[in-house]
$ cat my_file_31.pdb   # PDB, C-alpha atoms
MODEL        1
ATOM      1  CA  MET A   1      68.424-123.756 -49.051
ATOM      2  CA  TRP A   2      66.424-124.654 -52.095
ATOM      3  CA  VAL A   3      63.849-127.238 -53.136
ATOM      4  CA  TYR A   4      63.664-128.353 -56.759
ATOM      5  CA  GLU A   5      60.325-128.349 -58.581
ATOM      6  CA  LYS A   6      60.091-130.763 -61.515
ATOM      7  CA  LYS A   7      58.569-128.171 -63.848
ATOM      8  CA  LEU A   8      59.637-125.105 -65.852
ATOM      9  CA  GLN A   9      58.524-121.617 -64.829
ATOM     10  CA  TYR A  10      57.122-121.123 -68.357
ATOM     11  CA  PRO A  11      56.632-123.958 -70.884
ATOM     12  CA  VAL A  12      59.376-124.622 -73.458
ATOM     13  CA  LYS A  13      58.266-126.922 -76.295
ATOM     14  CA  ILE A  14      60.287-126.249 -79.443
ATOM     15  CA  LYS A  15      59.176-128.506 -82.309
ATOM     16  CA  ASN A  16      61.791-127.485 -84.902
ATOM     17  CA  PRO A  17      65.492-127.755 -84.053
ATOM     18  CA  ASN A  18      67.501-124.689 -85.093
ATOM     19  CA  PRO A  19      71.208-124.751 -84.183
ATOM     20  CA  ALA A  20      71.789-121.193 -85.452
ATOM     21  CA  MET A  21      69.188-119.993 -82.909
ATOM     22  CA  ALA A  22      70.744-122.131 -80.149
ATOM     23  CA  LYS A  23      74.087-120.509 -80.872
ATOM     24  CA  ILE A  24      72.783-117.050 -79.966
ATOM     25  CA  ILE A  25      70.374-118.039 -77.162
ATOM     26  CA  ILE A  26      73.237-119.762 -75.255
ATOM     27  CA  SER A  27      74.432-116.238 -74.387
ATOM     28  CA  GLN A  28      71.594-115.942 -71.878
ATOM     29  CA  TYR A  29      72.866-119.159 -70.250
ATOM     30  CA  GLY A  30      76.496-118.213 -69.676
ATOM     31  CA  GLY A  31      77.060-114.890 -71.446
ATOM     32  CA  PRO A  32      77.908-111.442 -70.009
ATOM     33  CA  ASP A  33      74.271-110.533 -69.237
ATOM     34  CA  GLY A  34      72.922-114.064 -68.835
ATOM     35  CA  GLU A  35      70.805-115.757 -66.207
ATOM     36  CA  LEU A  36      73.696-117.564 -64.480
ATOM     37  CA  GLY A  37      75.483-114.280 -63.824
ATOM     38  CA  ALA A  38      72.211-112.699 -62.701
ATOM     39  CA  SER A  39      71.521-115.430 -60.172
ATOM     40  CA  LEU A  40      75.080-115.434 -58.756
ATOM     41  CA  ARG A  41      75.122-111.639 -58.604
ATOM     42  CA  TYR A  42      71.961-111.359 -56.489
ATOM     43  CA  LEU A  43      72.492-114.432 -54.331
ATOM     44  CA  SER A  44      76.040-113.227 -53.533
ATOM     45  CA  GLN A  45      75.143-109.586 -52.885
ATOM     46  CA  ARG A  46      72.387-110.352 -50.379
ATOM     47  CA  TYR A  47      74.761-111.130 -47.468
ATOM     48  CA  SER A  48      75.953-107.547 -47.120
ATOM     49  CA  MET A  49      72.522-105.933 -47.540
ATOM     50  CA  PRO A  50      71.729-103.766 -44.505
ATOM     51  CA  TYR A  51      67.911-103.739 -44.820
ATOM     52  CA  PRO A  52      65.598-106.776 -44.596
ATOM     53  CA  GLU A  53      63.474-105.910 -47.658
ATOM     54  CA  LEU A  54      66.665-105.962 -49.737
ATOM     55  CA  LYS A  55      67.738-109.355 -48.388
ATOM     56  CA  ALA A  56      64.291-110.637 -49.365
ATOM     57  CA  ILE A  57      64.188-109.170 -52.867
ATOM     58  CA  LEU A  58      67.720-110.357 -53.724
ATOM     59  CA  THR A  59      66.981-113.863 -52.459
ATOM     60  CA  ASP A  60      63.703-114.103 -54.361
ATOM     61  CA  ILE A  61      64.922-112.578 -57.642
ATOM     62  CA  GLY A  62      68.173-114.601 -57.434
ATOM     63  CA  THR A  63      66.034-117.725 -57.068
ATOM     64  CA  GLU A  64      63.803-116.807 -60.010
ATOM     65  CA  GLU A  65      66.923-116.348 -62.160
ATOM     66  CA  LEU A  66      67.765-120.026 -61.572
ATOM     67  CA  ALA A  67      64.351-120.919 -63.028
ATOM     68  CA  HIS A  68      65.216-118.735 -66.037
ATOM     69  CA  LEU A  69      68.606-120.450 -66.409
ATOM     70  CA  GLU A  70      66.751-123.762 -66.586
ATOM     71  CA  MET A  71      64.392-122.416 -69.276
ATOM     72  CA  ILE A  72      67.324-121.226 -71.409
ATOM     73  CA  GLY A  73      69.045-124.598 -70.953
ATOM     74  CA  ALA A  74      65.840-126.344 -72.081
ATOM     75  CA  MET A  75      65.617-124.075 -75.136
ATOM     76  CA  VAL A  76      69.216-124.708 -76.238
ATOM     77  CA  TYR A  77      68.756-128.440 -75.603
ATOM     78  CA  GLN A  78      65.577-128.624 -77.699
ATOM     79  CA  LEU A  79      67.012-126.458 -80.495
ATOM     80  CA  THR A  80      69.968-128.844 -80.921
ATOM     81  CA  ARG A  81      68.126-132.195 -81.043
ATOM     82  CA  ASN A  82      68.678-134.791 -83.785
ATOM     83  CA  LEU A  83      71.238-132.826 -85.786
ATOM     84  CA  THR A  84      73.614-134.145 -88.431
ATOM     85  CA  PRO A  85      77.225-132.880 -88.579
ATOM     86  CA  GLU A  86      76.267-131.175 -91.879
ATOM     87  CA  GLU A  87      73.437-129.225 -90.237
ATOM     88  CA  ILE A  88      75.731-128.256 -87.363
ATOM     89  CA  LYS A  89      78.410-127.004 -89.751
ATOM     90  CA  GLU A  90      75.931-125.116 -91.908
ATOM     91  CA  ALA A  91      74.518-123.309 -88.851
ATOM     92  CA  GLY A  92      78.015-122.308 -87.703
ATOM     93  CA  MET A  93      77.676-124.407 -84.561
ATOM     94  CA  ASP A  94      80.728-126.546 -85.380
ATOM     95  CA  ALA A  95      83.084-124.536 -83.138
ATOM     96  CA  TYR A  96      80.775-125.099 -80.128
ATOM     97  CA  PHE A  97      80.212-128.736 -81.119
ATOM     98  CA  VAL A  98      83.887-129.638 -81.190
ATOM     99  CA  ASP A  99      84.260-128.622 -77.518
ATOM    100  CA  HIS A 100      80.853-129.571 -76.086
ATOM    101  CA  THR A 101      79.042-131.771 -78.668
ATOM    102  CA  THR A 102      75.413-130.805 -77.951
ATOM    103  CA  GLY A 103      75.922-130.598 -74.185
ATOM    104  CA  ILE A 104      74.797-127.391 -72.480
ATOM    105  CA  TYR A 105      77.839-125.323 -71.483
ATOM    106  CA  PRO A 106      77.740-121.809 -69.976
ATOM    107  CA  SER A 107      79.307-119.576 -72.598
ATOM    108  CA  SER A 108      78.471-116.427 -74.524
ATOM    109  CA  ALA A 109      77.209-116.408 -78.132
ATOM    110  CA  SER A 110      80.760-115.624 -79.250
ATOM    111  CA  GLY A 111      82.117-118.663 -77.371
ATOM    112  CA  VAL A 112      83.656-117.006 -74.302
ATOM    113  CA  PRO A 113      83.225-119.315 -71.279
ATOM    114  CA  PHE A 114      81.252-117.998 -68.296
ATOM    115  CA  THR A 115      83.317-115.941 -65.857
ATOM    116  CA  ALA A 116      82.507-114.340 -62.513
ATOM    117  CA  ALA A 117      84.070-111.177 -63.995
ATOM    118  CA  TYR A 118      80.621-110.589 -65.550
ATOM    119  CA  LEU A 119      79.229-109.674 -62.154
ATOM    120  CA  GLN A 120      80.039-107.582 -59.141
ATOM    121  CA  SER A 121      79.304-107.900 -55.448
ATOM    122  CA  LYS A 122      80.711-104.648 -54.120
ATOM    123  CA  GLY A 123      79.553-104.742 -50.499
ATOM    124  CA  ASP A 124      77.968-101.303 -50.845
ATOM    125  CA  VAL A 125      74.183-101.166 -50.873
ATOM    126  CA  LEU A 126      73.847 -98.280 -53.368
ATOM    127  CA  THR A 127      76.569 -99.566 -55.696
ATOM    128  CA  ASP A 128      75.129-103.093 -55.753
ATOM    129  CA  LEU A 129      71.581-101.916 -56.448
ATOM    130  CA  HIS A 130      72.780 -99.752 -59.343
ATOM    131  CA  GLU A 131      74.736-102.735 -60.683
ATOM    132  CA  ASN A 132      71.494-104.730 -60.611
ATOM    133  CA  LEU A 133      69.387-102.055 -62.317
ATOM    134  CA  ALA A 134      71.988-101.937 -65.122
ATOM    135  CA  ALA A 135      72.150-105.751 -65.285
ATOM    136  CA  GLU A 136      68.386-106.049 -65.786
ATOM    137  CA  GLN A 137      68.486-103.507 -68.628
ATOM    138  CA  LYS A 138      71.454-105.256 -70.267
ATOM    139  CA  ALA A 139      69.593-108.569 -70.144
ATOM    140  CA  ARG A 140      66.481-106.887 -71.571
ATOM    141  CA  THR A 141      68.534-105.524 -74.496
ATOM    142  CA  THR A 142      70.013-108.999 -75.086
ATOM    143  CA  TYR A 143      66.508-110.487 -75.265
ATOM    144  CA  ASP A 144      65.467-107.694 -77.640
ATOM    145  CA  ASN A 145      68.466-108.566 -79.823
ATOM    146  CA  ILE A 146      67.641-112.287 -79.738
ATOM    147  CA  LEU A 147      64.066-111.453 -80.816
ATOM    148  CA  ARG A 148      65.436-109.670 -83.919
ATOM    149  CA  PHE A 149      66.634-113.061 -85.175
ATOM    150  CA  CYS A 150      63.631-115.243 -84.357
ATOM    151  CA  ASP A 151      60.346-115.932 -86.062
ATOM    152  CA  ASP A 152      59.497-119.370 -84.610
ATOM    153  CA  PRO A 153      56.646-118.768 -82.108
ATOM    154  CA  ASP A 154      57.923-121.725 -80.009
ATOM    155  CA  VAL A 155      61.110-119.675 -79.431
ATOM    156  CA  VAL A 156      59.601-116.181 -79.406
ATOM    157  CA  GLU A 157      57.073-116.869 -76.615
ATOM    158  CA  PRO A 158      59.458-118.012 -73.856
ATOM    159  CA  ILE A 159      61.995-115.316 -74.873
ATOM    160  CA  ARG A 160      59.289-112.643 -74.586
ATOM    161  CA  PHE A 161      58.341-113.992 -71.181
ATOM    162  CA  LEU A 162      61.968-113.729 -70.004
ATOM    163  CA  ARG A 163      62.279-110.230 -71.468
ATOM    164  CA  ALA A 164      59.214-109.110 -69.497
ATOM    165  CA  ARG A 165      60.704-110.495 -66.273
ATOM    166  CA  GLU A 166      63.791-108.264 -66.712
ATOM    167  CA  ILE A 167      61.507-105.231 -66.690
ATOM    168  CA  VAL A 168      59.670-106.378 -63.550
ATOM    169  CA  HIS A 169      62.959-107.082 -61.765
ATOM    170  CA  TYR A 170      64.207-103.626 -62.755
ATOM    171  CA  GLN A 171      61.076-102.157 -61.182
ATOM    172  CA  ARG A 172      61.582-104.119 -57.935
ATOM    173  CA  PHE A 173      65.268-103.089 -57.712
ATOM    174  CA  GLY A 174      64.198 -99.482 -58.247
ATOM    175  CA  GLU A 175      61.885 -99.829 -55.260
ATOM    176  CA  GLY A 176      64.745-101.466 -53.353
ATOM    177  CA  LEU A 177      66.923 -98.453 -54.092
ATOM    178  CA  ARG A 178      64.196 -96.171 -52.776
ATOM    179  CA  ILE A 179      63.917 -98.249 -49.596
ATOM    180  CA  ALA A 180      67.700 -97.920 -49.170
ATOM    181  CA  THR A 181      67.786 -94.144 -49.683
ATOM    182  CA  ASP A 182      64.746 -93.673 -47.406
ATOM    183  CA  ASN A 183      66.972 -95.095 -44.680
ATOM    184  CA  LEU A 184      69.827 -92.697 -45.449
ATOM    185  CA  ASP A 185      70.464 -88.999 -44.954
ATOM    186  CA  SER A 186      68.792 -87.290 -47.934
ATOM    187  CA  LYS A 187      71.440 -84.538 -47.838
ATOM    188  CA  ASN A 188      74.205 -87.023 -48.659
ATOM    189  CA  PHE A 189      73.397 -90.650 -49.535
ATOM    190  CA  TYR A 190      77.128 -91.282 -49.987
ATOM    191  CA  ALA A 191      78.361 -90.002 -46.612
ATOM    192  CA  PHE A 192      79.063 -93.627 -45.606
ATOM    193  CA  ASN A 193      78.493 -97.176 -46.840
ATOM    194  CA  ALA A 194      75.424 -98.540 -45.029
ATOM    195  CA  SER A 195      76.564-102.107 -45.789
ATOM    196  CA  PHE A 196      79.866-101.601 -43.947
ATOM    197  CA  ASP A 197      79.809 -98.558 -41.662
ATOM    198  CA  LYS A 198      77.278-100.014 -39.245
ATOM    199  CA  GLY A 199      77.820 -97.482 -36.447
ATOM    200  CA  CYS A 200      77.194 -94.573 -38.799
ATOM    201  CA  ARG A 201      74.029 -96.232 -40.043
ATOM    202  CA  LYS A 202      72.467 -96.328 -36.612
ATOM    203  CA  LYS A 203      73.371 -92.748 -35.836
ATOM    204  CA  ALA A 204      72.116 -91.420 -39.145
ATOM    205  CA  GLN A 205      68.818 -93.248 -39.104
ATOM    206  CA  GLY A 206      67.678 -92.748 -35.558
ATOM    207  CA  ASN A 207      65.214 -95.641 -35.993
ATOM    208  CA  ASN A 208      65.353 -99.213 -34.784
ATOM    209  CA  ARG A 209      65.913-101.137 -37.994
TER
ATOM    210  CA  MET B 210      47.730-130.348 -75.918
ATOM    211  CA  THR B 211      47.343-133.351 -73.613
ATOM    212  CA  GLU B 212      45.323-133.274 -70.359
ATOM    213  CA  LYS B 213      48.630-133.381 -68.506
ATOM    214  CA  GLN B 214      49.984-130.342 -70.368
ATOM    215  CA  ILE B 215      46.770-128.371 -69.866
ATOM    216  CA  LEU B 216      46.905-129.084 -66.127
ATOM    217  CA  MET B 217      50.595-128.088 -65.941
ATOM    218  CA  ARG B 218      49.865-124.830 -67.790
ATOM    219  CA  LYS B 219      47.142-123.997 -65.265
ATOM    220  CA  ILE B 220      49.567-124.669 -62.406
ATOM    221  CA  ALA B 221      52.283-122.594 -64.101
ATOM    222  CA  THR B 222      49.783-119.737 -64.534
ATOM    223  CA  TYR B 223      48.895-119.628 -60.820
ATOM    224  CA  ASP B 224      52.541-120.148 -59.867
ATOM    225  CA  PHE B 225      53.550-117.224 -62.049
ATOM    226  CA  ALA B 226      51.070-114.985 -60.228
ATOM    227  CA  ILE B 227      52.492-116.292 -56.933
ATOM    228  CA  VAL B 228      56.101-115.479 -57.941
ATOM    229  CA  GLU B 229      55.048-112.035 -59.143
ATOM    230  CA  LEU B 230      53.047-111.191 -56.004
ATOM    231  CA  ASN B 231      55.822-112.533 -53.800
ATOM    232  CA  LEU B 232      58.367-110.147 -55.369
ATOM    233  CA  TYR B 233      55.904-107.271 -55.183
ATOM    234  CA  LEU B 234      55.221-107.936 -51.501
ATOM    235  CA  ASP B 235      58.967-107.887 -50.696
ATOM    236  CA  THR B 236      58.923-104.158 -51.440
ATOM    237  CA  HIS B 237      55.238-103.505 -50.558
ATOM    238  CA  PRO B 238      54.750-105.682 -47.447
ATOM    239  CA  LYS B 239      51.717-103.738 -46.245
ATOM    240  CA  ASP B 240      49.554-104.192 -49.371
ATOM    241  CA  LYS B 241      46.581-106.179 -48.013
ATOM    242  CA  GLU B 242      44.953-106.716 -51.409
ATOM    243  CA  ALA B 243      48.156-108.310 -52.766
ATOM    244  CA  HIS B 244      48.337-110.552 -49.667
ATOM    245  CA  ARG B 245      44.759-111.644 -50.262
ATOM    246  CA  LYS B 246      45.433-112.447 -53.921
ATOM    247  CA  LEU B 247      48.615-114.335 -53.066
ATOM    248  CA  GLU B 248      46.688-116.485 -50.614
ATOM    249  CA  GLU B 249      43.931-117.108 -53.163
ATOM    250  CA  TYR B 250      46.388-118.216 -55.869
ATOM    251  CA  GLU B 251      48.338-120.375 -53.435
ATOM    252  CA  THR B 252      45.148-122.242 -52.528
ATOM    253  CA  LYS B 253      44.270-122.715 -56.202
ATOM    254  CA  SER B 254      47.771-123.831 -57.165
ATOM    255  CA  MET B 255      47.897-126.264 -54.237
ATOM    256  CA  ALA B 256      44.658-127.968 -55.287
ATOM    257  CA  LEU B 257      45.852-128.350 -58.890
ATOM    258  CA  ARG B 258      49.281-129.570 -57.754
ATOM    259  CA  GLU B 259      47.652-132.302 -55.658
ATOM    260  CA  LYS B 260      45.642-133.422 -58.693
ATOM    261  CA  TYR B 261      48.727-133.348 -60.944
ATOM    262  CA  GLU B 262      50.938-135.183 -58.454
ATOM    263  CA  SER B 263      48.373-137.942 -57.876
ATOM    264  CA  GLU B 264      47.936-138.491 -61.629
ATOM    265  CA  TYR B 265      51.421-137.887 -63.077
ATOM    266  CA  GLY B 266      54.005-137.981 -60.267
ATOM    267  CA  PRO B 267      55.695-135.542 -57.896
ATOM    268  CA  ILE B 268      56.528-131.911 -58.683
ATOM    269  CA  ILE B 269      58.374-131.637 -55.341
ATOM    270  CA  PHE B 270      59.924-134.896 -54.118
ATOM    271  CA  ARG B 271      58.586-136.562 -50.979
ATOM    272  CA  ASP B 272      60.142-139.918 -50.248
ATOM    273  CA  SER B 273      58.299-143.229 -50.608
ATOM    274  CA  PRO B 274      59.265-146.248 -52.765
ATOM    275  CA  ASP B 275      56.416-145.481 -55.160
ATOM    276  CA  ASN B 276      57.253-141.773 -55.358
ATOM    277  CA  ARG B 277      60.941-142.535 -55.969
ATOM    278  CA  MET B 278      60.131-144.359 -59.213
ATOM    279  CA  LYS B 279      57.761-141.588 -60.304
ATOM    280  CA  TRP B 280      60.328-138.903 -59.461
ATOM    281  CA  ILE B 281      63.018-140.572 -61.589
ATOM    282  CA  LYS B 282      60.630-141.186 -64.481
ATOM    283  CA  ASN B 283      60.741-139.206 -67.739
ATOM    284  CA  PRO B 284      59.855-136.657 -68.878
ATOM    285  CA  TRP B 285      62.058-134.169 -67.053
ATOM    286  CA  PRO B 286      61.109-130.515 -67.550
ATOM    287  CA  TRP B 287      63.432-130.001 -70.549
ATOM    288  CA  ASP B 288      62.343-133.201 -72.344
ATOM    289  CA  LEU B 289      60.012-133.211 -75.315
ATOM    290  CA  CYS B 290      57.587-136.145 -75.355
ATOM    291  CA  GLU B 291      55.866-137.945 -78.203
ATOM    292  CA  GLU B 292      52.726-135.852 -77.822
ATOM    293  CA  ASP B 293      54.644-132.541 -78.060
TER
ENDMDL
END

$ encode --input "my_file_31.pdb" --output "structure tokens"
Amino acid sequence: MWVYEKKLQYPVKIKNPNPAMAKIIISQYGGPDGELGASLRYLSQRYSMPYPELKAILTDIGTEELAHLEMIGAMVYQLTRNLTPEEIKEAGMDAYFVDHTTGIYPSSASGVPFTAAYLQSKGDVLTDLHENLAAEQKARTTYDNILRFCDDPDVVEPIRFLRAREIVHYQRFGEGLRIATDNLDSKNFYAFNASFDKGCRKKAQGNNR
Amino acid sequence: MTEKQILMRKIATYDFAIVELNLYLDTHPKDKEAHRKLEEYETKSMALREKYESEYGPIIFRDSPDNRMKWIKNPWPWDLCEED
């Protein structure tokens, strides 16, 4: 279960609205490498994880991603305050506006609605951890690309914070992968799926995990 | 920045260290120094949270008629206030 804290993980206080910026940042809300997909990916994968450290890291990173989703929502909300239809049209936000006004809707920068097809929960410890390592890098690239278009420090600072978190999560998943392989036969990590072939796992490990 | 914002930034700073150490300890559970730091920051964050909650309202909701009104009250985390 979860408990809500009435605070953001990192402050978001954007003085100047900028709908063109909102239009690209929304991709980290509901886009292919966004925070919603990240959270669902990790919180869904954790059930089939065979080792306790991996259940812990997926739960805790999946939870942090929800805090990041809230930060992105706050950014898009603040970037789209007090706009006139003219300003919305000029920024190219009219297509979003016609469907959602200035409500926060999970979609990509190009307007594709969020879909669970952005993520995978494969029920195989090695496959899922590799999926997550790739996901963190894809999110990091997206933040790098967002930073190419921003010069407002009120926007740059929280985006840089989120970018740095992708790198830390990548590091932790790398350690998770090492923990997984340390539990497997080093001659063939792929001899069986430790998330599914439970009998094999016990035999191969010879420890009491 | 207002007193309230300064206090919230201090809390967010300790809480960030707590989140970071918590993730680190998931994969390095035997690191005693990290455990010690986590405990230190938790104590510091707790003290500041108590101060913040008594002055500005709950961060985590605990029910009482007085707290209910404070919990509902603006600003919510995504809101910008006059002083921003």

$ interface_residues --input "my_file_31.pdb" --of "chain B" --to "chain A" --cutoff "10 Å" --atoms "only C-alpha atoms" --output "PyMOL selection string"
chain B and resi 214+217-218+220-222+224-225+228-229+231-238+266-270+280+284-290+293

$ atom_distance --input "my_file_31.pdb" --atom1 "CA of Val125 in chain A" --atom2 "CA of Arg163 in chain A"
25.5 Å

$ residues_around --input "my_file_31.pdb" --residues "Lys246 in chain B" --least-positions-apart "6" --cutoff "9 Å" --atoms "all atoms listed in the file" --output "CSV table (one decimal) with C-alpha atoms, in the frame of the given file"
chain,number,residue,atom,x,y,z
B,226,ALA,CA,51.1,-115.0,-60.2
B,227,ILE,CA,52.5,-116.3,-56.9
B,230,LEU,CA,53.0,-111.2,-56.0

$ residues_around --input "my_file_31.pdb" --residues "Leu69 in chain A" --least-positions-apart "6" --cutoff "9 Å" --atoms "only C-alpha atoms" --output "ChimeraX atom specification"
/A:28-30,34-36,39

$ write_last_selection --input "my_file_31.pdb" --atoms "C-alpha atoms" --output "compact mmCIF listing (two decimals), in the frame of the given file"
# COMPACT_ATOMS: atom_id res chain seq x y z
CA GLN A 28 71.59 -115.94 -71.88
CA TYR A 29 72.87 -119.16 -70.25
CA GLY A 30 76.50 -118.21 -69.68
CA GLY A 34 72.92 -114.06 -68.83
CA GLU A 35 70.81 -115.76 -66.21
CA LEU A 36 73.70 -117.56 -64.48
CA SER A 39 71.52 -115.43 -60.17

$ resolve_selection --input "my_file_31.pdb" --expression "the PyMOL selection byres ((chain B and resi 264) around 12)" --output "list in words"
Glu212, Lys213, Leu216, Met217, Leu257, Arg258, Glu259, Lys260, Tyr261, Glu262, Ser263, Tyr265, Gly266, Pro267, Ile268, Asn276 and Lys279 of chain B

$ atom_distance --input "my_file_31.pdb" --atom1 "CA of Thr84 in chain A" --atom2 "CA of Phe114 in chain A"
26.9 Å

$ atom_distance --input "my_file_31.pdb" --atom1 "CA of Ile104 in chain A" --atom2 "CA of Gly37 in chain A"
15.7 Å

$ residues_near_point --input "my_file_31.pdb" --point "(75.7, -124.9, -86.1)" --cutoff "8 Å" --atoms "all atoms listed in the file" --output "list in words"
Pro19, Ala20, Lys23, Glu87, Ile88, Lys89, Glu90, Ala91, Gly92, Met93, Asp94, Ala95, Tyr96 and Phe97 of chain A
